[in-house]
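Notes for the one structure printed next.
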Amino acid sequence: MSEDLISQIDAIFKPRSIAITGASDKRPRLGNMLLYNFIDIGFEGKLYPINSDEERVMGLKSYPSLKDIEEPVDLLVVSLHPDKVSQIIEEAVEKDVKGAIIFTSGYREQGDEGKKREQELVSIARKGNLRIIGPNCMGLYCPSTKLSFIPGLSKESGPVAFISQSGSLAMYIAMAGKIRGVSFSKIISLGNACDLDANDFLEYLGNDPQTGIIACYLEGVEDGRRFLRLAKQISKKKPVILWKVGRTTGGAKAAGSHTGSLCGKSEVWDAVFKQAGLIRVENVYELFGGITAFISPNLPKSNRVAIVSAPGGPAVSAADVCEQEGLKLAELSEDTKNKLSEIIPNLGTSTSNPIDLGFTVASDNTLYMRSATIVGQDQGVDLILIYNFRMDKNFAEELVQFKEKIKKPTAIVTNIDQIQDRELNERFKNLDAQEIPKILKGLYESGISIHPTEQNAAKTLMSLFKYREFLDKTKREE
């Protein structure tokens, strides 16, 4: 990537002024939400609504056209009929606008005619220094510079960046992250990516000091060779988590009508994952599991895992899925088993791996952490999976204390990730709902990830080991 392109993308993330089309005080429009998003998050620059029929919109002076704004405009947000988009892009080039986010759909995803309209937009933009995000996208979320694509998002920055070809998924991840205690540096909704594409933003984020983890939802990429080169290079410094869809005939067809993406063959992408050290996820739960595991990872020395569970059935299930994912059940030392037998009653329990705590935890929930601490100190254990249906403030605090003693990757299986905010508050008794994300964030920063199923937990633990293998391999090759 040239320094010019880096500075162009940087300018889009750091605008001093934004013009928004399609906002109105008289009629409900998409532009109303787009303008309100910047007001809601507290954008500190100037906002210029464009509306030829109204003098003021949301209390702000409105302008008949982009050309009527006398001051410089750094970023243009477009929500107009496709027939009107080309004209305002021409005006943006004349005004030396740095970036345009085009929410409007009706382009490549609708066939050849739509693709021609996209090419026209790019051709116009190339006459100046204007760069386009979209069309058919939601745009940008960047807490540090107060950019947002929906109201109510967190103003707190974090280490996670997310690139998405799905606008609705970008919005969901931003909202769900707020509840789950995951903070973002940047979220980019690409849409059709007629100009700036996934590769451009991947390379930008690879050099972004605010970003420590890059997660992506991709339906396809235009330049596969560049993607592989970038991903392999960036993975040496930052984990790259990829949710790649469109691998089947039906999925590829759906992606074509969604964003007009070229998906590529499944076998090719399998090779890309392996060569570039990418962390593969296949649904939103695995995506959040991977993100939370890599926020503060203690990469394991080997793939030996110990399982601690109160329900016996899930303990066996966890053992199955761990081995299916490539993990090995650790052989506990006799000393570890003896220490476990001192605290675990010999009634419907097991001190072998997987450790079954039985019904005793119903009266003594501290057994989880006491047992996990003993297991974690075993030199033959490098990864820990804890299955606990019950998640509350006390257990969360015990987990953080546990991680202060045991510096090994730990995955918690609980249904906390599948319930709503109000229900979360019920589980964390006597807590304000705003405290819950802080508690969860503390767990992630302690190297603890949270998962809805043992399958998700096992896959995430294995991804930590695979990433360690990738880093070791690249060091040997250098």
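In the structure tokens, the first chain shown is A, the next is B, and so on; residue numbers restart at 1 for each chain, and ligands run from 1 in the order shown.
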
Exercise. Taking the backbone alone, and naming residues the way the document does, which bits of segment 210-328 of chain A are strand (DSSP E or B) by DSSP, as number ranges by chain?
Worked result: A: 213-218, 240-244, 279-280, 304-309, 328

Go ahead and save the picked residues with N, CA and C atoms, as a PDB file, in the first residue's frame.
```
ATOM      1  N   ILE A 213      -6.287  -6.786  17.040  1.00  0.00           N
ATOM      2  CA  ILE A 213      -6.931  -7.980  16.483  1.00  0.00           C
ATOM      3  C   ILE A 213      -7.772  -7.540  15.289  1.00  0.00           C
ATOM      4  N   ILE A 214      -7.680  -8.281  14.195  1.00  0.00           N
ATOM      5  CA  ILE A 214      -8.498  -7.984  13.014  1.00  0.00           C
ATOM      6  C   ILE A 214      -9.439  -9.153  12.765  1.00  0.00           C
ATOM      7  N   ALA A 215     -10.740  -8.877  12.770  1.00  0.00           N
ATOM      8  CA  ALA A 215     -11.743  -9.888  12.457  1.00  0.00           C
ATOM      9  C   ALA A 215     -12.431  -9.488  11.154  1.00  0.00           C
ATOM     10  N   CYS A 216     -12.804 -10.479  10.352  1.00  0.00           N
ATOM     11  CA  CYS A 216     -13.398 -10.197   9.049  1.00  0.00           C
ATOM     12  C   CYS A 216     -14.571 -11.131   8.764  1.00  0.00           C
ATOM     13  N   TYR A 217     -15.600 -10.578   8.138  1.00  0.00           N
ATOM     14  CA  TYR A 217     -16.651 -11.375   7.496  1.00  0.00           C
ATOM     15  C   TYR A 217     -16.547 -11.078   6.014  1.00  0.00           C
ATOM     16  N   LEU A 218     -16.151 -12.075   5.218  1.00  0.00           N
ATOM     17  CA  LEU A 218     -15.954 -11.875   3.793  1.00  0.00           C
ATOM     18  C   LEU A 218     -16.741 -12.882   2.974  1.00  0.00           C
ATOM     19  N   VAL A 240      -5.504 -12.600  12.814  1.00  0.00           N
ATOM     20  CA  VAL A 240      -6.544 -12.266  11.849  1.00  0.00           C
ATOM     21  C   VAL A 240      -7.595 -13.369  11.882  1.00  0.00           C
ATOM     22  N   ILE A 241      -8.803 -13.022  12.295  1.00  0.00           N
ATOM     23  CA  ILE A 241      -9.908 -13.973  12.435  1.00  0.00           C
ATOM     24  C   ILE A 241     -10.821 -13.801  11.237  1.00  0.00           C
ATOM     25  N   LEU A 242     -11.081 -14.880  10.526  1.00  0.00           N
ATOM     26  CA  LEU A 242     -11.848 -14.780   9.284  1.00  0.00           C
ATOM     27  C   LEU A 242     -13.058 -15.697   9.290  1.00  0.00           C
ATOM     28  N   TRP A 243     -14.212 -15.091   9.041  1.00  0.00           N
ATOM     29  CA  TRP A 243     -15.455 -15.811   8.799  1.00  0.00           C
ATOM     30  C   TRP A 243     -15.702 -15.720   7.295  1.00  0.00           C
ATOM     31  N   LYS A 244     -15.326 -16.770   6.575  1.00  0.00           N
ATOM     32  CA  LYS A 244     -15.444 -16.782   5.109  1.00  0.00           C
ATOM     33  C   LYS A 244     -16.678 -17.574   4.719  1.00  0.00           C
ATOM     34  N   ILE A 279      -7.277 -17.459  11.648  1.00  0.00           N
ATOM     35  CA  ILE A 279      -8.146 -18.162  12.597  1.00  0.00           C
ATOM     36  C   ILE A 279      -9.514 -18.291  11.956  1.00  0.00           C
ATOM     37  N   ARG A 280      -9.922 -19.525  11.676  1.00  0.00           N
ATOM     38  CA  ARG A 280     -11.196 -19.762  10.987  1.00  0.00           C
ATOM     39  C   ARG A 280     -12.351 -19.813  11.979  1.00  0.00           C
ATOM     40  N   ARG A 304      -2.393 -29.923  24.857  1.00  0.00           N
ATOM     41  CA  ARG A 304      -2.904 -30.770  25.935  1.00  0.00           C
ATOM     42  C   ARG A 304      -3.932 -29.992  26.770  1.00  0.00           C
ATOM     43  N   VAL A 305      -5.147 -30.508  26.833  1.00  0.00           N
ATOM     44  CA  VAL A 305      -6.242 -29.794  27.483  1.00  0.00           C
ATOM     45  C   VAL A 305      -6.782 -30.588  28.670  1.00  0.00           C
ATOM     46  N   ALA A 306      -7.178 -29.856  29.713  1.00  0.00           N
ATOM     47  CA  ALA A 306      -7.874 -30.454  30.862  1.00  0.00           C
ATOM     48  C   ALA A 306      -9.279 -29.871  30.919  1.00  0.00           C
ATOM     49  N   ILE A 307     -10.244 -30.718  31.248  1.00  0.00           N
ATOM     50  CA  ILE A 307     -11.650 -30.315  31.292  1.00  0.00           C
ATOM     51  C   ILE A 307     -12.147 -30.420  32.727  1.00  0.00           C
ATOM     52  N   VAL A 308     -12.768 -29.347  33.217  1.00  0.00           N
ATOM     53  CA  VAL A 308     -13.360 -29.336  34.554  1.00  0.00           C
ATOM     54  C   VAL A 308     -14.846 -29.063  34.383  1.00  0.00           C
ATOM     55  N   SER A 309     -15.699 -29.971  34.886  1.00  0.00           N
ATOM     56  CA  SER A 309     -17.137 -29.831  34.686  1.00  0.00           C
ATOM     57  C   SER A 309     -17.889 -30.415  35.865  1.00  0.00           C
ATOM     58  N   LYS A 328      -5.554 -32.814  22.691  1.00  0.00           N
ATOM     59  CA  LYS A 328      -5.291 -34.065  23.395  1.00  0.00           C
ATOM     60  C   LYS A 328      -5.691 -33.914  24.859  1.00  0.00           C
TER      61      LYS A 328
END
```

Exercise. Could you name the residues that touch Glu90 of chain A at 9 Å or less, counting only C-alpha atoms, but leaving out those on the same chain fewer than 6 positions away, as number ranges by chain?
Worked result: A: 121, 124-125, 127

Generate a file of the selected residues that holds C-alpha atoms, formatted as a CSV table (one decimal), in the first residue's frame.
```
chain,number,residue,atom,x,y,z
A,121,LEU,CA,-18.9,6.1,-9.8
A,124,ILE,CA,-15.9,10.0,-11.6
A,125,ALA,CA,-14.1,9.6,-8.2
A,127,LYS,CA,-10.9,12.5,-11.5
```

Problem set entry | Exercise: Ala23 of chain A partners within 9 Å, only C-alpha atoms, chain neighbours under 3 positions left out, as a VMD selection string | chain A and resid 20 27 to 35 49 to 51 57 to 58 79

Please write the residues from the selection above to a file, keeping N, CA and C atoms, as an mmCIF file, in the first residue's frame.
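What ended up in result-v8.cif:
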```
data_model
loop_
_atom_site.group_PDB
_atom_site.id
_atom_site.type_symbol
_atom_site.label_atom_id
_atom_site.label_comp_id
_atom_site.auth_asym_id
_atom_site.auth_seq_id
_atom_site.Cartn_x
_atom_site.Cartn_y
_atom_site.Cartn_z
ATOM 1 N N ILE A 20 -24.230 15.179 4.986
ATOM 2 C CA ILE A 20 -25.130 14.030 4.970
ATOM 3 C C ILE A 20 -26.329 14.333 4.081
ATOM 4 N N ARG A 27 -40.068 14.387 6.908
ATOM 5 C CA ARG A 27 -40.405 13.021 6.489
ATOM 6 C C ARG A 27 -39.405 12.011 7.068
ATOM 7 N N PRO A 28 -39.873 10.810 7.411
ATOM 8 C CA PRO A 28 -38.938 9.769 7.888
ATOM 9 C C PRO A 28 -38.079 9.257 6.743
ATOM 10 N N ARG A 29 -36.775 9.373 6.879
ATOM 11 C CA ARG A 29 -35.840 8.931 5.841
ATOM 12 C C ARG A 29 -34.644 8.252 6.479
ATOM 13 N N LEU A 30 -33.940 7.460 5.662
ATOM 14 C CA LEU A 30 -32.703 6.836 6.139
ATOM 15 C C LEU A 30 -31.694 7.899 6.556
ATOM 16 N N GLY A 31 -31.661 8.997 5.822
ATOM 17 C CA GLY A 31 -30.720 10.059 6.153
ATOM 18 C C GLY A 31 -30.890 10.606 7.553
ATOM 19 N N ASN A 32 -32.118 10.528 8.089
ATOM 20 C CA ASN A 32 -32.347 10.994 9.464
ATOM 21 C C ASN A 32 -31.499 10.202 10.457
ATOM 22 N N MET A 33 -31.508 8.871 10.283
ATOM 23 C CA MET A 33 -30.708 8.038 11.172
ATOM 24 C C MET A 33 -29.222 8.292 10.964
ATOM 25 N N LEU A 34 -28.824 8.456 9.703
ATOM 26 C CA LEU A 34 -27.410 8.645 9.414
ATOM 27 C C LEU A 34 -26.887 9.926 10.051
ATOM 28 N N LEU A 35 -27.674 10.988 9.996
ATOM 29 C CA LEU A 35 -27.272 12.242 10.639
ATOM 30 C C LEU A 35 -27.293 12.097 12.157
ATOM 31 N N PRO A 49 -26.208 18.970 6.957
ATOM 32 C CA PRO A 49 -27.295 18.271 6.253
ATOM 33 C C PRO A 49 -27.512 18.907 4.875
ATOM 34 N N ILE A 50 -27.793 18.062 3.880
ATOM 35 C CA ILE A 50 -28.091 18.554 2.536
ATOM 36 C C ILE A 50 -29.554 18.261 2.232
ATOM 37 N N ASN A 51 -30.361 19.339 2.105
ATOM 38 C CA ASN A 51 -31.793 19.216 1.829
ATOM 39 C C ASN A 51 -32.257 20.514 1.173
ATOM 40 N N VAL A 57 -32.386 21.085 9.668
ATOM 41 C CA VAL A 57 -32.688 19.672 9.919
ATOM 42 C C VAL A 57 -32.021 19.285 11.235
ATOM 43 N N MET A 58 -32.810 18.766 12.161
ATOM 44 C CA MET A 58 -32.321 18.380 13.488
ATOM 45 C C MET A 58 -31.552 19.520 14.152
ATOM 46 N N SER A 79 -27.250 8.902 0.856
ATOM 47 C CA SER A 79 -28.415 8.003 0.885
ATOM 48 C C SER A 79 -29.467 8.586 -0.054
#
```

For this session: as a ChimeraX atom specification, list the residues of segment 195-331 of chain A assigned to helix (DSSP H, G or I) by DSSP on the backbone atoms of this structure.
Result: /A:198-206,224-235,249-258,266-276,284-294,312-324

Output for the residues just chosen: C-alpha atoms as a compact mmCIF listing (two decimals), in the first residue's frame:
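Dumped everything to again_28.txt:
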```txt
# COMPACT_ATOMS: atom_id res chain seq x y z
CA ALA A 198 -11.20 -5.59 1.98
CA ASN A 199 -7.53 -5.75 1.01
CA ASP A 200 -7.12 -1.98 1.35
CA PHE A 201 -8.62 -1.93 4.84
CA LEU A 202 -6.83 -5.12 5.87
CA GLU A 203 -3.49 -3.55 5.08
CA TYR A 204 -4.49 -0.28 6.74
CA LEU A 205 -5.53 -2.06 9.92
CA GLY A 206 -2.36 -4.12 9.85
CA GLY A 224 -6.78 -13.24 -3.91
CA ARG A 225 -2.99 -13.10 -4.27
CA ARG A 226 -2.81 -9.74 -2.55
CA PHE A 227 -5.10 -10.98 0.23
CA LEU A 228 -2.88 -14.01 0.87
CA ARG A 229 0.27 -11.88 0.93
CA LEU A 230 -1.27 -9.32 3.28
CA ALA A 231 -2.86 -11.89 5.59
CA LYS A 232 0.37 -13.86 5.95
CA GLN A 233 2.36 -10.72 6.68
CA ILE A 234 -0.13 -9.23 9.15
CA SER A 235 -0.73 -12.53 10.98
CA THR A 249 -22.84 -23.40 -4.55
CA GLY A 250 -25.87 -22.01 -2.72
CA GLY A 251 -23.76 -19.75 -0.51
CA ALA A 252 -21.84 -18.38 -3.49
CA LYS A 253 -25.10 -17.63 -5.31
CA ALA A 254 -26.46 -15.84 -2.24
CA ALA A 255 -23.27 -13.79 -1.91
CA GLY A 256 -23.54 -12.75 -5.56
CA SER A 257 -27.02 -11.32 -5.01
CA HIS A 258 -26.03 -9.80 -1.66
CA SER A 266 -13.46 -23.80 -1.01
CA GLU A 267 -10.21 -25.76 -1.48
CA VAL A 268 -8.34 -22.57 -2.36
CA TRP A 269 -9.56 -20.86 0.79
CA ASP A 270 -8.59 -23.88 2.90
CA ALA A 271 -5.03 -23.40 1.65
CA VAL A 272 -5.18 -19.65 2.36
CA PHE A 273 -6.22 -20.28 5.98
CA LYS A 274 -3.31 -22.65 6.49
CA GLN A 275 -0.60 -20.64 4.73
CA ALA A 276 -1.57 -17.29 6.24
CA VAL A 284 -21.17 -15.34 15.16
CA TYR A 285 -20.54 -17.29 18.38
CA GLU A 286 -17.22 -18.58 17.10
CA LEU A 287 -16.40 -15.05 15.96
CA PHE A 288 -16.89 -13.59 19.45
CA GLY A 289 -15.19 -16.62 21.00
CA GLY A 290 -12.13 -16.06 18.84
CA ILE A 291 -12.09 -12.33 19.50
CA THR A 292 -12.33 -12.73 23.26
CA ALA A 293 -9.65 -15.45 23.31
CA PHE A 294 -7.15 -13.29 21.44
CA GLY A 312 -20.98 -35.45 33.77
CA GLY A 313 -22.63 -35.69 30.36
CA PRO A 314 -21.21 -32.39 29.07
CA ALA A 315 -17.79 -33.42 30.40
CA VAL A 316 -17.84 -36.47 28.12
CA SER A 317 -19.16 -34.38 25.24
CA ALA A 318 -16.38 -31.84 25.80
CA ALA A 319 -13.81 -34.64 25.71
CA ASP A 320 -15.23 -35.80 22.36
CA VAL A 321 -15.17 -32.39 20.70
CA CYS A 322 -11.72 -31.54 22.05
CA GLU A 323 -10.25 -34.62 20.39
CA GLN A 324 -12.25 -33.99 17.22
```

Show which residues sit within 9 Å of Gly128 of chain A, as a short mmCIF file (atom, residue, chain, number, x, y, z; two decimals) with N, CA and C atoms, in the first residue's frame. Count only C-alpha atoms, and ignore same-chain residues fewer than 2 positions away.
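Produced file result_15.cif, reproduced below:
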```cif
data_model
loop_
_atom_site.label_atom_id
_atom_site.label_comp_id
_atom_site.auth_asym_id
_atom_site.auth_seq_id
_atom_site.Cartn_x
_atom_site.Cartn_y
_atom_site.Cartn_z
N ALA A 92 -18.76 16.21 -5.30
CA ALA A 92 -17.77 15.94 -4.26
C ALA A 92 -16.35 16.04 -4.81
N VAL A 93 -16.14 15.57 -6.04
CA VAL A 93 -14.83 15.68 -6.67
C VAL A 93 -14.46 17.14 -6.88
N GLU A 94 -15.43 17.94 -7.36
CA GLU A 94 -15.19 19.36 -7.57
C GLU A 94 -14.86 20.08 -6.26
N ASP A 96 -13.37 18.73 -3.72
CA ASP A 96 -12.19 18.12 -3.13
C ASP A 96 -12.52 17.39 -1.81
N VAL A 97 -13.67 16.71 -1.78
CA VAL A 97 -14.04 15.88 -0.64
C VAL A 97 -13.12 14.66 -0.63
N LYS A 98 -12.71 14.24 0.57
CA LYS A 98 -11.73 13.15 0.68
C LYS A 98 -12.36 11.77 0.58
N ILE A 124 -15.72 8.58 -11.98
CA ILE A 124 -15.89 9.98 -11.56
C ILE A 124 -14.96 10.30 -10.40
N ALA A 125 -14.91 9.39 -9.41
CA ALA A 125 -14.07 9.62 -8.23
C ALA A 125 -12.60 9.72 -8.58
N ARG A 126 -12.17 8.96 -9.60
CA ARG A 126 -10.77 8.95 -10.00
C ARG A 126 -10.33 10.29 -10.59
N LEU A 130 -10.97 11.54 -4.45
CA LEU A 130 -12.09 11.00 -3.68
C LEU A 130 -12.02 9.48 -3.63
N ARG A 131 -12.17 8.91 -2.43
CA ARG A 131 -12.23 7.46 -2.25
C ARG A 131 -13.62 7.09 -1.76
#
```

For this session: Name the residues in contact with Asn37 of chain A at a cut-off of 8 Å, using only C-alpha atoms, excluding same-chain residues fewer than 6 positions from it; report them as a count of residues only.
Result: 5

For this session: Work out how far atom CA of Val400 of chain A is from atom CA of Arg370 of chain A, in Å to one decimal.
Result: 12.8 Å

For this session: Using only C-alpha atoms, determine which residues lie at most 10 Å from Lys236 of chain A, disregarding the query and same-chain residues fewer than 5 positions distant; provide the list as a PyMOL selection string.
Result: chain A and resi 231+276-277+467+470-472+474-475

Using N, CA and C atoms, can you write the selected residues to a file as an mmCIF file, in the first residue's frame?
```cif
data_model
loop_
_atom_site.group_PDB
_atom_site.id
_atom_site.type_symbol
_atom_site.label_atom_id
_atom_site.label_comp_id
_atom_site.auth_asym_id
_atom_site.auth_seq_id
_atom_site.Cartn_x
_atom_site.Cartn_y
_atom_site.Cartn_z
ATOM 1 N N ALA A 231 -2.441 -11.112 4.417
ATOM 2 C CA ALA A 231 -2.855 -11.887 5.587
ATOM 3 C C ALA A 231 -1.671 -12.590 6.232
ATOM 4 N N ALA A 276 -1.612 -18.631 5.660
ATOM 5 C CA ALA A 276 -1.572 -17.291 6.244
ATOM 6 C C ALA A 276 -1.758 -17.285 7.758
ATOM 7 N N GLY A 277 -1.962 -18.447 8.366
ATOM 8 C CA GLY A 277 -2.134 -18.499 9.813
ATOM 9 C C GLY A 277 -3.415 -17.838 10.283
ATOM 10 N N TYR A 467 -2.293 -21.030 16.129
ATOM 11 C CA TYR A 467 -1.649 -19.726 15.923
ATOM 12 C C TYR A 467 -0.245 -19.732 16.504
ATOM 13 N N PHE A 470 1.859 -21.469 14.002
ATOM 14 C CA PHE A 470 2.130 -20.588 12.864
ATOM 15 C C PHE A 470 3.252 -19.610 13.180
ATOM 16 N N LEU A 471 3.203 -18.993 14.359
ATOM 17 C CA LEU A 471 4.240 -18.031 14.743
ATOM 18 C C LEU A 471 5.587 -18.714 14.891
ATOM 19 N N ASP A 472 5.597 -19.902 15.475
ATOM 20 C CA ASP A 472 6.869 -20.651 15.630
ATOM 21 C C ASP A 472 7.439 -21.005 14.257
ATOM 22 N N THR A 474 6.944 -19.451 11.349
ATOM 23 C CA THR A 474 7.449 -18.263 10.644
ATOM 24 C C THR A 474 8.768 -17.786 11.215
ATOM 25 N N LYS A 475 8.962 -17.953 12.522
ATOM 26 C CA LYS A 475 10.244 -17.575 13.131
ATOM 27 C C LYS A 475 11.375 -18.470 12.614
#
```

For this session: Show which residues sit within 12 Å of Met138 of chain A, as a PyMOL selection string. Count only C-alpha atoms, and ignore same-chain residues fewer than 3 positions away.
Result: chain A and resi 30-31+33-34+37+77-79+100-105+133-135+141+147-150+163-172+174+187-193

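Here atom CA of Val160 of chain A and atom CA of Phe184 of chain A stand 4.6 Å from one another.
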
Exercise. Between atom CA of Met391 of chain A and atom CA of Asn346 of chain A, what is the spacing in Å?
Worked result: 25.2 Å
